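Asker: Enclosed is the structure file structure08.pdb (PDB, C-alpha atoms).
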ATOM      1  CA  MET A   1     110.248 113.714  90.288
ATOM      2  CA  SER A   2     110.686 114.050  86.541
ATOM      3  CA  ASN A   3     109.301 116.948  84.533
ATOM      4  CA  VAL A   4     107.011 114.481  82.746
ATOM      5  CA  ASN A   5     105.535 113.330  86.085
ATOM      6  CA  SER A   6     105.155 116.927  87.276
ATOM      7  CA  GLU A   7     103.397 117.831  84.037
ATOM      8  CA  LEU A   8     101.071 114.828  84.355
ATOM      9  CA  ILE A   9     100.228 115.764  87.952
ATOM     10  CA  ASN A  10      99.397 119.305  86.825
ATOM     11  CA  ILE A  11      97.243 118.070  83.934
ATOM     12  CA  LEU A  12      95.287 115.608  86.096
ATOM     13  CA  THR A  13      94.928 118.158  88.897
ATOM     14  CA  GLU A  14      93.452 120.629  86.426
ATOM     15  CA  ALA A  15      91.183 117.955  84.914
ATOM     16  CA  THR A  16      89.750 117.021  88.311
ATOM     17  CA  GLY A  17      89.547 120.655  89.461
ATOM     18  CA  ASP A  18      86.729 120.863  91.964
ATOM     19  CA  LEU A  19      85.068 117.625  90.778
ATOM     20  CA  ARG A  20      83.939 115.362  93.574
ATOM     21  CA  TRP A  21      83.091 111.685  93.290
ATOM     22  CA  MET A  22      79.395 111.373  94.046
ATOM     23  CA  SER A  23      78.272 108.698  96.472
ATOM     24  CA  GLU A  24      76.500 108.934  99.808
ATOM     25  CA  SER A  25      79.234 111.480 100.578
ATOM     26  CA  ASP A  26      81.117 113.444  97.946
ATOM     27  CA  TYR A  27      84.908 113.234  97.953
ATOM     28  CA  PRO A  28      87.552 115.092  95.922
ATOM     29  CA  PHE A  29      90.144 113.377  93.750
ATOM     30  CA  GLN A  30      93.822 113.243  94.628
ATOM     31  CA  VAL A  31      96.405 112.791  91.885
ATOM     32  CA  PHE A  32      99.363 110.455  92.336
ATOM     33  CA  VAL A  33     102.348 109.074  90.420
ATOM     34  CA  TRP A  34     104.008 105.949  91.801
ATOM     35  CA  GLU A  35     107.437 104.620  90.852
ATOM     36  CA  GLU A  36     106.170 101.051  90.450
ATOM     37  CA  GLN A  37     105.620  99.675  86.982
ATOM     38  CA  GLU A  38     103.429  96.775  88.085
ATOM     39  CA  LEU A  39     101.195  96.350  91.111
ATOM     40  CA  THR A  40      99.710  93.208  92.602
ATOM     41  CA  ALA A  41      96.615  93.270  94.803
ATOM     42  CA  GLU A  42      98.854  92.573  97.804
ATOM     43  CA  GLN A  43     101.187  95.475  96.925
ATOM     44  CA  LEU A  44      98.224  97.831  96.425
ATOM     45  CA  ARG A  45      96.804  96.946  99.840
ATOM     46  CA  GLN A  46     100.207  97.449 101.460
ATOM     47  CA  LYS A  47     100.974 100.698  99.602
ATOM     48  CA  THR A  48      97.617 102.207 100.552
ATOM     49  CA  GLY A  49      97.635 101.054 104.179
ATOM     50  CA  HIS A  50      94.879  98.464 103.913
ATOM     51  CA  ALA A  51      94.730  95.139 105.729
ATOM     52  CA  PRO A  52      96.003  92.147 103.726
ATOM     53  CA  ASP A  53      92.463  90.744 103.651
ATOM     54  CA  ALA A  54      90.682  94.018 102.774
ATOM     55  CA  PRO A  55      87.979  93.372 100.162
ATOM     56  CA  LEU A  56      89.135  94.348  96.675
ATOM     57  CA  GLU A  57      87.015  94.844  93.572
ATOM     58  CA  ILE A  58      88.497  95.680  90.175
ATOM     59  CA  LYS A  59      86.409  97.450  87.532
ATOM     60  CA  GLU A  60      86.923  98.761  84.040
ATOM     61  CA  MET A  61      87.186 102.555  83.988
ATOM     62  CA  GLU A  62      84.184 102.919  81.655
ATOM     63  CA  GLN A  63      82.027 100.853  84.014
ATOM     64  CA  PHE A  64      83.116 102.887  87.032
ATOM     65  CA  PHE A  65      82.513 106.295  85.424
ATOM     66  CA  ALA A  66      79.300 105.323  83.558
ATOM     67  CA  PRO A  67      76.896 106.930  86.096
ATOM     68  CA  ALA A  68      78.834 110.230  86.000
ATOM     69  CA  LEU A  69      78.873 110.320  82.179
ATOM     70  CA  ARG A  70      75.144 109.937  81.678
ATOM     71  CA  GLU A  71      73.179 113.081  80.947
ATOM     72  CA  TYR A  72      69.454 113.126  81.684
ATOM     73  CA  ASP A  73      66.660 115.345  80.337
ATOM     74  CA  TRP A  74      65.966 116.610  83.848
ATOM     75  CA  HIS A  75      69.557 117.807  84.418
ATOM     76  CA  ASP A  76      69.941 121.529  84.896
ATOM     77  CA  GLU A  77      72.841 123.452  83.313
ATOM     78  CA  GLU A  78      75.147 122.886  86.300
ATOM     79  CA  GLU A  79      74.548 119.116  86.192
ATOM     80  CA  ARG A  80      75.118 119.033  82.424
ATOM     81  CA  GLU A  81      78.403 120.909  82.949
ATOM     82  CA  THR A  82      79.447 118.331  85.559
ATOM     83  CA  VAL A  83      78.738 115.527  83.061
ATOM     84  CA  ARG A  84      80.851 117.366  80.446
ATOM     85  CA  ARG A  85      83.688 117.731  82.950
ATOM     86  CA  TYR A  86      83.566 114.007  83.773
ATOM     87  CA  ARG A  87      83.630 113.164  80.065
ATOM     88  CA  SER A  88      86.661 115.437  79.664
ATOM     89  CA  LEU A  89      88.340 113.799  82.678
ATOM     90  CA  VAL A  90      87.861 110.322  81.196
ATOM     91  CA  GLU A  91      89.277 111.504  77.851
ATOM     92  CA  THR A  92      92.274 113.010  79.654
ATOM     93  CA  LEU A  93      92.902 109.791  81.579
ATOM     94  CA  GLN A  94      92.650 107.754  78.358
ATOM     95  CA  TYR A  95      95.050 110.101  76.554
ATOM     96  CA  TYR A  96      97.770 110.132  79.219
ATOM     97  CA  LEU A  97      97.413 106.637  80.729
ATOM     98  CA  SER A  98      97.074 103.123  79.345
ATOM     99  CA  ASP A  99      95.790  99.883  80.886
ATOM    100  CA  ILE A 100      93.533 101.828  83.259
ATOM    101  CA  ARG A 101      91.749  99.879  85.987
ATOM    102  CA  VAL A 102      89.686 100.994  88.958
ATOM    103  CA  TYR A 103      90.469  99.333  92.280
ATOM    104  CA  ARG A 104      87.903  99.589  95.068
ATOM    105  CA  LEU A 105      89.261  98.673  98.500
ATOM    106  CA  GLY A 106      87.159  98.195 101.598
ATOM    107  CA  GLU A 107      83.485  98.130 102.461
ATOM    108  CA  VAL A 108      81.047 100.981 103.173
ATOM    109  CA  GLU A 109      83.832 103.640 103.093
ATOM    110  CA  ILE A 110      85.557 102.435  99.945
ATOM    111  CA  ASP A 111      88.916 103.767  98.846
ATOM    112  CA  VAL A 112      88.946 104.081  95.062
ATOM    113  CA  TYR A 113      92.150 104.081  92.991
ATOM    114  CA  ILE A 114      91.966 104.766  89.251
ATOM    115  CA  ILE A 115      95.357 103.503  88.101
ATOM    116  CA  GLY A 116      97.002 103.376  84.691
ATOM    117  CA  LYS A 117     100.464 103.362  83.164
ATOM    118  CA  THR A 118     102.209 106.530  82.096
ATOM    119  CA  ARG A 119     104.150 106.724  78.846
ATOM    120  CA  LEU A 120     107.295 106.153  80.936
ATOM    121  CA  GLY A 121     105.838 102.944  82.384
ATOM    122  CA  LYS A 122     105.144 104.270  85.890
ATOM    123  CA  LEU A 123     101.789 103.928  87.620
ATOM    124  CA  ALA A 124      99.659 107.043  88.042
ATOM    125  CA  GLY A 125      96.098 108.068  88.508
ATOM    126  CA  LEU A 126      93.497 109.339  90.898
ATOM    127  CA  ALA A 127      92.348 108.379  94.369
ATOM    128  CA  THR A 128      89.001 109.152  95.972
ATOM    129  CA  LYS A 129      86.438 107.628  98.306
ATOM    130  CA  ALA A 130      82.935 106.270  97.880
ATOM    131  CA  VAL A 131      80.514 105.741 100.749
ATOM    132  CA  GLU A 132      78.024 102.934 100.111
ATOM    133  CA  THR A 133      75.849 101.696 102.960
TER     134      THR A 133
END
Turn this file's structure into structure tokens for me.
Answerer:
Amino acid sequence: MSNVNSELINILTEATGDLRWMSESDYPFQVFVWEEQELTAEQLRQKTGHAPDAPLEIKEMEQFFAPALREYDWHDEEERETVRRYRSLVETLQYYLSDIRVYRLGEVEIDVYIIGKTRLGKLAGLATKAVET
């Protein structure tokens, strides 16, 4: 693994820290860097161990993160800090990755992959889960 990839992994790991994606269950983020420069839906399913016919939804990153970036009057200080951390995470992703898309694979227990291109043209991002019944 190149120094650039190692540095990116460290930066994204720090940015996600102890953040958890909030759904019916809360899951941590895992950071990854893949050697591929392009990825079809079929390749994503295969690479992540999903069935060839697994449901796939693609979202824009802003749309996916919108609920986590919204601050409400009723938020306490801890919740406001979580919103700030999510805003910082999105800024970090936008700074280090381009062409970012969010891929949601499966139903009910959905595997989420936030994937963009590094400056070296590799694919990298975050993986987490969302539970939606």
Asker: For this structure, which residues satisfy the selection - the PyMOL selection byres ((chain A and resi 26) around 12) - when it is evaluated on the file as given? I want them as a PyMOL selection string.
Answerer: chain A and resi 18-25+27-29+109+128-132
Asker: Identify, on the basis of only C-alpha atoms, every residue whose closest approach to Leu105 in chain A does not exceed 12 Å; exclude the query and any residue fewer than 2 positions from it along the same chain; express the result as an NGL selection string.
Answerer: :A and (41-42 or 44-59 or 102-103 or 107-114 or 127-131)
Asker: Could you write out as a VMD selection string the residues that the PyMOL selection byres ((chain A and resi 71-84) around 12) matches in the shown file?
Answerer: chain A and resid 15 to 22 65 to 70 85 to 91
Asker: Write the selection just made, keeping C-alpha atoms, as a PDB file, in the frame of the given file?
Answerer:
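Printed below is selection_0.pdb as written:
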ATOM      1  CA  ALA A  15      91.183 117.955  84.914  1.00  0.00           C
ATOM      2  CA  THR A  16      89.750 117.021  88.311  1.00  0.00           C
ATOM      3  CA  GLY A  17      89.547 120.655  89.461  1.00  0.00           C
ATOM      4  CA  ASP A  18      86.729 120.863  91.964  1.00  0.00           C
ATOM      5  CA  LEU A  19      85.068 117.625  90.778  1.00  0.00           C
ATOM      6  CA  ARG A  20      83.939 115.362  93.574  1.00  0.00           C
ATOM      7  CA  TRP A  21      83.091 111.685  93.290  1.00  0.00           C
ATOM      8  CA  MET A  22      79.395 111.373  94.046  1.00  0.00           C
ATOM      9  CA  PHE A  65      82.513 106.295  85.424  1.00  0.00           C
ATOM     10  CA  ALA A  66      79.300 105.323  83.558  1.00  0.00           C
ATOM     11  CA  PRO A  67      76.896 106.930  86.096  1.00  0.00           C
ATOM     12  CA  ALA A  68      78.834 110.230  86.000  1.00  0.00           C
ATOM     13  CA  LEU A  69      78.873 110.320  82.179  1.00  0.00           C
ATOM     14  CA  ARG A  70      75.144 109.937  81.678  1.00  0.00           C
ATOM     15  CA  ARG A  85      83.688 117.731  82.950  1.00  0.00           C
ATOM     16  CA  TYR A  86      83.566 114.007  83.773  1.00  0.00           C
ATOM     17  CA  ARG A  87      83.630 113.164  80.065  1.00  0.00           C
ATOM     18  CA  SER A  88      86.661 115.437  79.664  1.00  0.00           C
ATOM     19  CA  LEU A  89      88.340 113.799  82.678  1.00  0.00           C
ATOM     20  CA  VAL A  90      87.861 110.322  81.196  1.00  0.00           C
ATOM     21  CA  GLU A  91      89.277 111.504  77.851  1.00  0.00           C
TER      22      GLU A  91
END
Asker: Taking all atoms of range 40-54 of chain A that the file lists and extending 5 Å past them on each side, where is the centre of the axis-aligned box and how long are its edges? Answer in Å to one decimal, as lines of an AutoDock Vina configuration file.
Answerer:
center_x = 95.9
center_y = 96.5
center_z = 99.2
size_x = 20.5
size_y = 21.5
size_z = 23.1
Asker: So which residues touch range 119-125 of chain A within 6 Å, counting only C-alpha atoms, skipping near sequence neighbours fewer than 4 positions away, as a PDB file with C-alpha atoms, keeping the file's coordinate frame?
Answerer:
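Below is the file around.pdb, written as the result:
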ATOM      1  CA  VAL A  31      96.405 112.791  91.885  1.00  0.00           C
ATOM      2  CA  PHE A  32      99.363 110.455  92.336  1.00  0.00           C
ATOM      3  CA  VAL A  33     102.348 109.074  90.420  1.00  0.00           C
ATOM      4  CA  TRP A  34     104.008 105.949  91.801  1.00  0.00           C
ATOM      5  CA  GLU A  35     107.437 104.620  90.852  1.00  0.00           C
ATOM      6  CA  GLU A  36     106.170 101.051  90.450  1.00  0.00           C
ATOM      7  CA  GLN A  37     105.620  99.675  86.982  1.00  0.00           C
ATOM      8  CA  ILE A 114      91.966 104.766  89.251  1.00  0.00           C
ATOM      9  CA  ILE A 115      95.357 103.503  88.101  1.00  0.00           C
TER      10      ILE A 115
END
Asker: What is the CA of Gln94 in chain A to CA of Phe64 in chain A distance in Å?
Answerer: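 CA of Phe64 in chain A lies at a distance of 13.8 Å from CA of Gln94 in chain A.
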Asker: So that I can look at just that part, could you write range 78-130 of chain A with C-alpha atoms, as an mmCIF file, in the first residue's frame?
Answerer:
data_model
loop_
_atom_site.group_PDB
_atom_site.id
_atom_site.type_symbol
_atom_site.label_atom_id
_atom_site.label_comp_id
_atom_site.auth_asym_id
_atom_site.auth_seq_id
_atom_site.Cartn_x
_atom_site.Cartn_y
_atom_site.Cartn_z
ATOM 1 C CA GLU A 78 -23.623 16.270 22.567
ATOM 2 C CA GLU A 79 -26.029 16.076 19.608
ATOM 3 C CA ARG A 80 -24.784 19.413 18.250
ATOM 4 C CA GLU A 81 -21.207 18.103 18.501
ATOM 5 C CA THR A 82 -22.222 14.984 16.554
ATOM 6 C CA VAL A 83 -23.709 17.191 13.811
ATOM 7 C CA ARG A 84 -20.446 19.198 13.702
ATOM 8 C CA ARG A 85 -18.441 15.982 13.413
ATOM 9 C CA TYR A 86 -20.627 14.767 10.532
ATOM 10 C CA ARG A 87 -20.205 18.113 8.773
ATOM 11 C CA SER A 88 -16.435 17.804 9.223
ATOM 12 C CA LEU A 89 -16.528 14.224 7.897
ATOM 13 C CA VAL A 90 -18.387 15.317 4.757
ATOM 14 C CA GLU A 91 -15.883 18.148 4.206
ATOM 15 C CA THR A 92 -13.009 15.685 4.622
ATOM 16 C CA LEU A 93 -14.552 13.260 2.131
ATOM 17 C CA GLN A 94 -15.110 16.096 -0.365
ATOM 18 C CA TYR A 95 -11.523 17.317 0.050
ATOM 19 C CA TYR A 96 -9.820 13.944 -0.425
ATOM 20 C CA LEU A 97 -12.234 12.190 -2.819
ATOM 21 C CA SER A 98 -14.016 13.141 -6.027
ATOM 22 C CA ASP A 99 -17.076 11.691 -7.776
ATOM 23 C CA ILE A 100 -18.467 10.448 -4.455
ATOM 24 C CA ARG A 101 -21.538 8.214 -4.558
ATOM 25 C CA VAL A 102 -23.322 6.240 -1.867
ATOM 26 C CA TYR A 103 -24.238 2.658 -2.723
ATOM 27 C CA ARG A 104 -26.842 0.906 -0.583
ATOM 28 C CA LEU A 105 -26.922 -2.868 -1.037
ATOM 29 C CA GLY A 106 -29.583 -5.155 0.355
ATOM 30 C CA GLU A 107 -32.856 -4.786 2.197
ATOM 31 C CA VAL A 108 -33.577 -4.296 5.914
ATOM 32 C CA GLU A 109 -29.882 -4.775 6.890
ATOM 33 C CA ILE A 110 -28.386 -2.538 4.228
ATOM 34 C CA ASP A 111 -24.674 -2.421 3.539
ATOM 35 C CA VAL A 112 -23.673 1.158 2.758
ATOM 36 C CA TYR A 113 -20.562 2.064 0.743
ATOM 37 C CA ILE A 114 -19.558 5.718 0.386
ATOM 38 C CA ILE A 115 -17.137 5.537 -2.534
ATOM 39 C CA GLY A 116 -15.100 8.185 -4.319
ATOM 40 C CA LYS A 117 -11.899 8.497 -6.313
ATOM 41 C CA THR A 118 -8.596 9.345 -4.704
ATOM 42 C CA ARG A 119 -6.181 11.789 -6.305
ATOM 43 C CA LEU A 120 -4.310 8.739 -7.641
ATOM 44 C CA GLY A 121 -7.477 7.437 -9.311
ATOM 45 C CA LYS A 122 -8.132 4.547 -6.913
ATOM 46 C CA LEU A 123 -11.469 3.964 -5.214
ATOM 47 C CA ALA A 124 -11.736 4.662 -1.490
ATOM 48 C CA GLY A 125 -14.271 5.508 1.117
ATOM 49 C CA LEU A 126 -16.298 4.273 4.026
ATOM 50 C CA ALA A 127 -18.493 1.265 4.679
ATOM 51 C CA THR A 128 -21.226 0.945 7.287
ATOM 52 C CA LYS A 129 -24.641 -0.613 7.789
ATOM 53 C CA ALA A 130 -28.157 0.742 8.104
#
